[in-house]
Structure formats: structure tokens, C-alpha cells
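J.: Okay, so here is work-v1.csv, and as you'll see once you scroll down, it has CSV, C-alpha atoms.
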chain,number,residue,atom,x,y,z
A,1321,MET,CA,0.0,0.0,0.0
A,1322,THR,CA,1.3,3.5,-0.9
A,1323,ASN,CA,2.2,5.8,1.9
A,1324,GLU,CA,0.7,9.1,0.8
A,1325,LYS,CA,2.8,11.0,3.2
A,1326,LYS,CA,6.2,10.5,1.5
A,1327,LEU,CA,7.4,12.3,-1.6
A,1328,SER,CA,10.7,11.5,-3.3
A,1329,ILE,CA,11.9,13.7,-6.2
A,1330,ILE,CA,14.7,12.7,-8.6
A,1331,CYS,CA,16.3,16.1,-9.3
A,1332,PHE,CA,17.9,15.4,-12.7
A,1333,SER,CA,17.7,18.8,-14.3
A,1334,GLY,CA,20.1,21.7,-13.7
A,1335,GLU,CA,17.9,24.5,-14.9
A,1336,PHE,CA,16.7,27.3,-12.7
A,1337,ASP,CA,13.0,26.8,-13.4
A,1338,LYS,CA,13.1,23.0,-12.9
A,1339,ALA,CA,15.0,23.5,-9.7
A,1340,VAL,CA,12.3,25.9,-8.5
A,1341,ALA,CA,9.6,23.4,-9.5
A,1342,ALA,CA,11.3,20.6,-7.5
A,1343,LEU,CA,11.9,22.7,-4.5
A,1344,THR,CA,8.4,24.1,-4.5
A,1345,MET,CA,7.0,20.6,-4.5
A,1346,ALA,CA,9.4,19.6,-1.8
A,1347,THR,CA,8.8,22.5,0.6
A,1348,GLY,CA,5.1,22.4,0.1
A,1349,ALA,CA,4.9,18.7,0.9
A,1350,ALA,CA,7.3,19.1,3.9
A,1351,ALA,CA,5.2,22.0,5.2
A,1352,VAL,CA,2.1,19.8,5.4
A,1353,ASN,CA,4.0,17.1,7.2
A,1354,TRP,CA,5.1,14.8,4.4
A,1355,GLU,CA,8.5,13.1,4.5
A,1356,VAL,CA,10.5,14.4,1.5
A,1357,ASN,CA,13.6,13.0,-0.1
A,1358,LEU,CA,15.5,14.8,-2.9
A,1359,PHE,CA,17.9,12.8,-4.9
A,1360,PHE,CA,20.2,15.1,-6.9
A,1361,THR,CA,21.7,13.4,-10.0
A,1362,PHE,CA,23.5,14.5,-13.1
A,1363,TRP,CA,22.7,18.1,-14.0
A,1364,GLY,CA,20.7,18.4,-10.8
A,1365,PHE,CA,23.9,17.8,-8.9
A,1366,ASN,CA,24.8,21.5,-9.5
A,1367,ILE,CA,22.0,22.5,-7.1
A,1368,ILE,CA,23.8,21.1,-4.1
A,1369,LYS,CA,27.3,22.3,-4.8
A,1370,LYS,CA,28.8,24.3,-1.9
A,1371,LYS,CA,29.9,27.0,-4.3
A,1372,GLY,CA,26.9,28.6,-5.9
A,1373,GLY,CA,28.7,30.4,-8.7
A,1374,HIS,CA,31.1,29.3,-11.4
A,1375,ALA,CA,34.2,27.8,-9.8
A,1376,LEU,CA,37.1,25.4,-10.7
A,1377,VAL,CA,36.2,22.6,-8.4
A,1378,GLY,CA,36.6,18.8,-8.6
A,1379,THR,CA,39.5,16.5,-9.5
A,1380,GLY,CA,40.8,16.1,-13.0
A,1381,PHE,CA,41.1,18.7,-15.8
A,1382,LEU,CA,37.9,17.9,-17.7
A,1383,ALA,CA,35.8,17.7,-14.5
A,1384,ARG,CA,37.1,21.1,-13.3
A,1385,VAL,CA,36.4,22.7,-16.7
A,1386,PHE,CA,32.8,21.2,-16.7
A,1387,ASN,CA,32.2,22.4,-13.1
A,1388,LEU,CA,33.5,25.9,-14.0
A,1389,ILE,CA,31.2,26.2,-17.0
A,1390,MET,CA,28.2,24.7,-15.3
A,1391,GLY,CA,28.5,26.5,-12.0
A,1392,GLY,CA,26.3,26.0,-9.0
A,1393,ARG,CA,22.8,26.9,-7.7
A,1394,LYS,CA,23.3,30.6,-8.2
A,1395,SER,CA,24.2,30.3,-11.9
A,1396,LEU,CA,21.6,27.9,-13.2
A,1397,PRO,CA,20.2,28.8,-16.6
A,1398,LEU,CA,16.5,29.0,-17.6
A,1399,SER,CA,15.4,26.0,-19.7
A,1400,ARG,CA,13.7,28.5,-22.1
A,1401,LEU,CA,14.4,32.2,-22.9
A,1402,ASN,CA,17.7,32.2,-21.0
A,1403,LEU,CA,18.8,35.4,-22.9
A,1404,GLY,CA,22.5,34.7,-22.6
A,1405,GLY,CA,22.2,34.0,-18.8
A,1406,ALA,CA,20.3,37.2,-18.0
A,1407,SER,CA,17.0,35.6,-17.4
A,1408,PRO,CA,17.5,33.9,-14.0
A,1409,GLY,CA,18.3,37.3,-12.5
A,1410,LEU,CA,15.4,38.9,-14.2
A,1411,MET,CA,13.1,36.0,-13.1
A,1412,THR,CA,14.3,36.3,-9.5
A,1413,GLY,CA,13.5,40.0,-9.6
A,1414,MET,CA,10.0,39.2,-10.9
A,1415,MET,CA,9.5,36.6,-8.2
A,1416,LYS,CA,10.6,39.0,-5.5
A,1417,SER,CA,8.3,41.7,-6.8
A,1418,GLN,CA,5.3,39.3,-6.7
A,1419,ASN,CA,6.3,38.0,-3.3
A,1420,VAL,CA,7.0,34.6,-4.6
A,1421,ALA,CA,9.7,32.6,-3.0
A,1422,THR,CA,13.0,32.7,-4.9
A,1423,LEU,CA,15.2,29.6,-5.6
A,1424,GLU,CA,17.5,30.5,-2.7
A,1425,GLU,CA,14.6,31.0,-0.3
A,1426,LEU,CA,13.1,27.7,-1.4
A,1427,TYR,CA,16.4,25.9,-0.9
A,1428,GLN,CA,16.9,27.3,2.5
A,1429,ALA,CA,13.3,26.5,3.5
A,1430,ALA,CA,13.8,22.9,2.3
A,1431,LYS,CA,16.7,22.6,4.7
A,1432,ASP,CA,14.9,24.3,7.5
A,1433,LEU,CA,11.9,21.9,7.1
A,1434,GLY,CA,14.2,18.9,7.3
A,1435,VAL,CA,13.9,17.8,3.7
A,1436,ASN,CA,16.4,15.0,3.1
A,1437,LEU,CA,19.0,16.0,0.6
A,1438,TYR,CA,20.8,13.1,-1.1
A,1439,ALA,CA,23.7,13.3,-3.6
A,1440,CYS,CA,24.0,10.7,-6.4
A,1441,GLU,CA,27.3,8.8,-6.0
A,1442,MET,CA,27.6,8.2,-9.7
A,1443,SER,CA,27.3,11.9,-10.5
A,1444,MET,CA,29.8,12.8,-7.9
A,1445,ASN,CA,32.3,10.6,-9.5
A,1446,ILE,CA,31.6,11.8,-13.1
A,1447,PHE,CA,32.1,15.5,-12.0
A,1448,GLY,CA,35.2,14.7,-10.0
A,1449,MET,CA,33.5,16.0,-6.8
A,1450,LYS,CA,34.2,15.1,-3.2
A,1451,ARG,CA,32.0,15.4,-0.2
A,1452,GLU,CA,33.6,18.6,0.9
A,1453,HIS,CA,32.5,20.2,-2.4
A,1454,LEU,CA,28.9,19.7,-1.5
A,1455,ASP,CA,26.6,21.7,0.7
A,1456,PRO,CA,27.1,20.4,4.3
A,1457,SER,CA,23.3,20.0,4.6
A,1458,VAL,CA,23.5,17.0,2.1
A,1459,LYS,CA,22.6,14.1,4.3
A,1460,ALA,CA,24.4,11.4,2.4
A,1461,VAL,CA,25.9,10.3,-0.9
A,1462,ILE,CA,23.9,7.4,-2.1
A,1463,GLY,CA,23.3,5.0,-5.0
A,1464,VAL,CA,20.2,3.7,-6.6
A,1465,PRO,CA,19.5,0.9,-4.0
A,1466,ALA,CA,19.6,3.3,-1.1
A,1467,PHE,CA,17.3,5.8,-2.9
A,1468,LEU,CA,14.8,3.0,-3.7
A,1469,LYS,CA,14.8,2.1,-0.1
A,1470,TYR,CA,14.2,5.6,1.1
A,1471,SER,CA,11.5,6.2,-1.5
A,1472,GLU,CA,9.7,2.9,-1.0
A,1473,ASP,CA,6.0,3.1,-0.3
A,1474,GLY,CA,5.8,6.7,-1.2
A,1475,GLN,CA,5.3,8.8,-4.3
A,1476,THR,CA,8.3,9.4,-6.6
A,1477,ILE,CA,8.5,12.1,-9.3
A,1478,PHE,CA,11.3,12.9,-11.8
A,1479,ILE,CA,12.2,16.5,-12.6
B,1461,MET,CA,2.4,31.2,27.7
B,1462,ASP,CA,3.4,33.7,25.0
B,1463,ILE,CA,1.4,34.9,22.0
B,1464,HIS,CA,3.1,35.1,18.7
B,1465,THR,CA,1.8,36.6,15.4
B,1466,LEU,CA,2.4,35.7,11.8
B,1467,ASP,CA,0.9,37.5,8.8
B,1468,ILE,CA,1.0,35.4,5.6
B,1469,THR,CA,-1.6,37.3,3.7
B,1470,LYS,CA,1.0,38.4,1.1
B,1471,GLU,CA,2.7,35.0,0.8
B,1472,HIS,CA,2.0,32.5,-2.0
B,1473,CYS,CA,2.2,28.7,-2.0
B,1474,PRO,CA,4.3,27.1,-0.7
B,1475,MET,CA,5.6,29.8,1.6
B,1476,THR,CA,2.2,30.2,3.3
B,1477,PHE,CA,2.5,26.7,4.7
B,1478,VAL,CA,6.3,26.8,5.1
B,1479,LYS,CA,6.3,29.9,7.3
B,1480,ALA,CA,3.4,28.7,9.4
B,1481,LYS,CA,5.2,25.4,10.0
B,1482,LEU,CA,8.6,27.0,10.7
B,1483,VAL,CA,7.2,29.4,13.3
B,1484,LEU,CA,5.2,26.7,15.0
B,1485,ALA,CA,8.4,24.6,15.2
B,1486,LYS,CA,10.3,27.5,16.9
B,1487,ILE,CA,7.8,28.5,19.6
B,1488,ASN,CA,7.4,26.8,23.0
B,1489,SER,CA,4.8,24.2,23.8
B,1490,GLY,CA,1.6,25.9,25.2
B,1491,ASP,CA,2.4,29.1,23.3
B,1492,VAL,CA,-0.3,30.5,20.9
B,1493,LEU,CA,0.4,31.5,17.3
B,1494,GLU,CA,-2.1,33.9,15.7
B,1495,ILE,CA,-1.8,33.5,11.9
B,1496,THR,CA,-3.4,36.1,9.6
B,1497,LEU,CA,-4.1,34.6,6.2
B,1498,LYS,CA,-6.2,34.8,3.1
B,1499,GLY,CA,-9.1,32.5,2.3
B,1500,GLY,CA,-8.9,29.6,0.0
B,1501,GLU,CA,-6.1,27.1,0.2
B,1502,PRO,CA,-4.2,28.6,3.2
B,1503,LEU,CA,-7.4,28.8,5.2
B,1504,GLU,CA,-8.2,25.2,4.3
B,1505,ASN,CA,-4.8,23.6,4.8
B,1506,VAL,CA,-2.8,25.6,7.4
B,1507,PRO,CA,-5.2,24.6,10.3
B,1508,LYS,CA,-5.5,21.1,8.9
B,1509,SER,CA,-1.8,20.5,8.8
B,1510,ALA,CA,-1.3,22.1,12.2
B,1511,ALA,CA,-4.0,19.8,13.7
B,1512,GLU,CA,-2.3,16.8,12.1
B,1513,GLU,CA,0.8,17.6,14.0
B,1514,GLY,CA,-1.2,17.6,17.2
B,1515,HIS,CA,-1.5,21.4,17.7
B,1516,ARG,CA,-4.9,22.7,19.0
B,1517,ILE,CA,-6.9,25.0,16.8
B,1518,LEU,CA,-8.4,27.5,19.3
B,1519,SER,CA,-10.4,29.7,16.9
B,1520,ILE,CA,-10.8,30.8,13.3
B,1521,GLU,CA,-12.2,34.2,12.8
B,1522,LYS,CA,-12.9,36.3,9.8
B,1523,ASN,CA,-11.3,39.8,9.9
B,1524,GLY,CA,-12.3,41.8,6.8
B,1525,GLU,CA,-10.8,40.2,3.8
B,1526,SER,CA,-8.5,38.0,5.9
B,1527,HIS,CA,-8.9,35.3,8.5
B,1528,VAL,CA,-7.1,34.9,11.9
B,1529,ILE,CA,-6.4,31.4,13.2
B,1530,LYS,CA,-5.3,30.9,16.7
B,1531,ILE,CA,-3.2,27.8,17.2
B,1532,GLU,CA,-1.9,26.4,20.6
B,1533,LYS,CA,1.3,24.5,20.2
B,1534,ASN,CA,1.3,21.0,21.7
Go ahead and render the structure in this file as C-alpha cells.

T.:
Amino acid sequence: MTNEKKLSIICFSGEFDKAVAALTMATGAAAVNWEVNLFFTFWGFNIIKKKGGHALVGTGFLARVFNLIMGGRKSLPLSRLNLGGASPGLMTGMMKSQNVATLEELYQAAKDLGVNLYACEMSMNIFGMKREHLDPSVKAVIGVPAFLKYSEDGQTIFI
Amino acid sequence: MDIHTLDITKEHCPMTFVKAKLVLAKINSGDVLEITLKGGEPLENVPKSAAEEGHRILSIEKNGESHVIKIEKN
């Protein structure tokens, strides 16, 4: 039987708008007492980097270049109408003017609400990252079996 | 017993629920939180989720365009 009080989200995408969508679902669910698990994998891994901007982090030349180009949570592009990187800032301004929570506010709220943040072990290896390169609030670095265990009997969505 | 206030009339989903939950988590057991909110989903779900957590809904009163919910923390 499905436990309707548990939501697990596979955060695959590294775009600003998709991160907002995932964190809106996560914080909304946590605020009404659901257990919430976020599994950050591949491009979504950028959301949980300790350094929010563009930075040379990781081990290995290619990994460091990739991480520099991709950046972190504060440099995520929009999936549409990115306007050369100007849109996330413009969108954040629009969100503030309408009193809608920004990406950073949602991320902080997720942590304050006790949302479980999990990093994908495979992605960490691909991008040459180590535990110290991640936000200290990340609960654990896990693989698929552990995620399946944590998400079992709940609802799982892929963003 | 202290009385705390929270105005979420200008907030939008999910911060309406998020702010209510975070303030309730911070105050002491037995304290009262007065939340001013709009009708619709916040009015329906803020008291519901607070009650699910074991807090006591003392009153829900209409105040002009807003509503004021008094919640006693368990």
C-alpha cells in the first residue's frame, strides 16, 4: 500500500525553473507534514554544490572545466528564454516583486523543514567532486539501491 | 504562555505553509500562534496540517478580507 505522506523527487535537471519546481513541491509537501527525499543526480547535482557560482572545483582537468562552465545553484540557466544568462536574475526579480519565494529561499526553506537531501554517488564521480565540495546539509551520498529504499511506499517524481 | 503573530496574507504557495510550519516549530509548547491569512487554500490547509501535527486550533475568525487562526502548540 502506498504511503501518501512520503514524496521523493529525482532532481535530474540543472535549470533554474526546474529546480524551482522541484523545491516548490518539496517544501510544500514538507510543510504539510510529508516526509520528503530529494535525490540530486547528473545536471541536478549542480544545485547542491557548496559554491553557488562558477568555480574550478573537482578533481581532473575535464571535471574542473565542466564544473567551471556549469556553475552551481546561483548560476543555473533557464530552460527557455535564457537570454544569454540574464533571465535567471530577471526571473528572480519578478519573483521578489510578486512576493513569490526565490530559488535560494526555497532551498533554505527545504533545509529548515528537514527535507532529506541526497547526492548521487555516480554523478559525484563523473564530475570529480568530493563530499567537501557539497553543501554540508546534504545528508548522504547514495546510490540507486539506497534511494529506492528511502522512497519505497511513497510517491516518486522525476524533474 | 506567549502569544506570537504571523501574517502570511502576502505570501504565496508554498511559503504560506512553510512559514506557518517553521514558526510553529520555533515557539514553545503551550504558546499561541495567531496567523493572519487569506481565504482559499491557506485557510483550508494551514489549520489542517497544524492539527495533524497535534496542535490545537483555538479559533478561526474572519477579519475583513482576511482570517485569523489561533493555534496552541502542543

J.: I'd like a table as a tab-separated table: residues in chain B with an atom no more than 7 Å from chain A, each row giving the shortest atom pair and its distance in Å to one decimal, all atoms listed in the file counted, sorted by chain and rising residue number.

T.:
residue	atom	partner	partner_atom	distance
B:Lys1470	CA	A:Asn1419	CA	6.9
B:Glu1471	CA	A:Asn1419	CA	6.2
B:His1472	CA	A:Val1420	CA	6.0
B:Pro1474	CA	A:Gly1348	CA	4.8
B:Met1475	CA	A:Ala1421	CA	6.8
B:Phe1477	CA	A:Ala1351	CA	5.4
B:Val1478	CA	A:Ala1351	CA	4.9
B:Lys1481	CA	A:Ala1351	CA	5.9
B:Ser1509	CA	A:Val1352	CA	5.2

J.: Calculate how many Å separate CA of Leu1482 (chain B) from CA of Ile1517 (chain B), rounding to one decimal.

T.: 16.8 Å

J.: Which neighbours of region 1400-1407 of chain A fall inside 10 Å, counting all atoms listed in the file, when residues of the same chain fewer than 4 positions from it are skipped, and could you give them as a list in words?

T.: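 Result of the neighbour search: Glu1335, Phe1336, Asp1337, Ser1395, Leu1396, Met1411, Thr1412 and Gly1413 of chain A.
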
J.: Would you save the residues of that selection, restricted to C-alpha atoms, as a short mmCIF file (atom, residue, chain, number, x, y, z; two decimals), keeping the file's coordinate frame?

T.:
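Final output, selection.cif:
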data_model
loop_
_atom_site.label_atom_id
_atom_site.label_comp_id
_atom_site.auth_asym_id
_atom_site.auth_seq_id
_atom_site.Cartn_x
_atom_site.Cartn_y
_atom_site.Cartn_z
CA GLU A 1335 17.90 24.50 -14.90
CA PHE A 1336 16.70 27.30 -12.70
CA ASP A 1337 13.00 26.80 -13.40
CA SER A 1395 24.20 30.30 -11.90
CA LEU A 1396 21.60 27.90 -13.20
CA MET A 1411 13.10 36.00 -13.10
CA THR A 1412 14.30 36.30 -9.50
CA GLY A 1413 13.50 40.00 -9.60
#

J.: Taking all atoms listed in the file into account, name the residue in A:Gly1372, A:Gly1448, A:Pro1397, A:Gly1409 that is nearest to Arg1384 (chain A).

T.: A:Gly1448

J.: Given all atoms listed in the file as the basis, pick out the residue of B:Gly1514, B:Pro1507, B:Pro1502, B:Gly1524 nearest to Gly1490 (chain B).

T.: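 Closest candidate: B:Gly1514.
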
J.: List the spatial neighbours of region 1442-1444 of chain A as JSON, numbers by chain - criterion: any atom at most 12 Å away, only C-alpha atoms, same-chain residues fewer than 6 positions off excluded.

T.: {"A": [1331, 1332, 1359, 1360, 1361, 1362, 1363, 1364, 1365, 1366, 1368, 1369, 1377, 1378, 1379, 1383, 1387, 1450, 1451, 1452, 1453, 1454, 1460, 1461, 1462, 1463, 1464]}

J.: Which one of B:Lys1533, B:Lys1498, B:Arg1516, B:His1527 sits closest to Leu1484 (chain B) if you count all atoms listed in the file?

T.: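 Closest to Leu1484 (chain B), using all atoms listed in the file: B:Lys1533.
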
J.: Write out as a compact mmCIF listing (two decimals) with C-alpha atoms, in the coordinates of the input each polymer residue whose atoms come within 12 Å of Pro1465 (chain A), counting all atoms listed in the file; drop sequence neighbours fewer than 6 positions from it.

T.:
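Contents of out.txt, as written:
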# COMPACT_ATOMS: atom_id res chain seq x y z
CA CYS A 1440 24.00 10.70 -6.40
CA GLU A 1441 27.30 8.80 -6.00
CA SER A 1471 11.50 6.20 -1.50
CA GLU A 1472 9.70 2.90 -1.00

J.: In Å, with one decimal, what is the gap from CA of Ala1511 (chain B) to CA of Ile1531 (chain B)?

T.: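 Computing the Euclidean distance for CA of Ala1511 (chain B) and CA of Ile1531 (chain B) yields 8.8 Å.
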
J.: Distance CA of Ser1328 (chain A)-CA of Gln1428 (chain A), one decimal place?

T.: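 Computed distance, CA of Ser1328 (chain A) to CA of Gln1428 (chain A), equals 17.9 Å.
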
J.: Name the closest residue to Met1415 (chain A) among the candidates A:Met1449, A:Leu1327, A:Val1340, A:Ala1466; distances are taken between atoms, counting all atoms listed in the file.

T.: A:Val1340
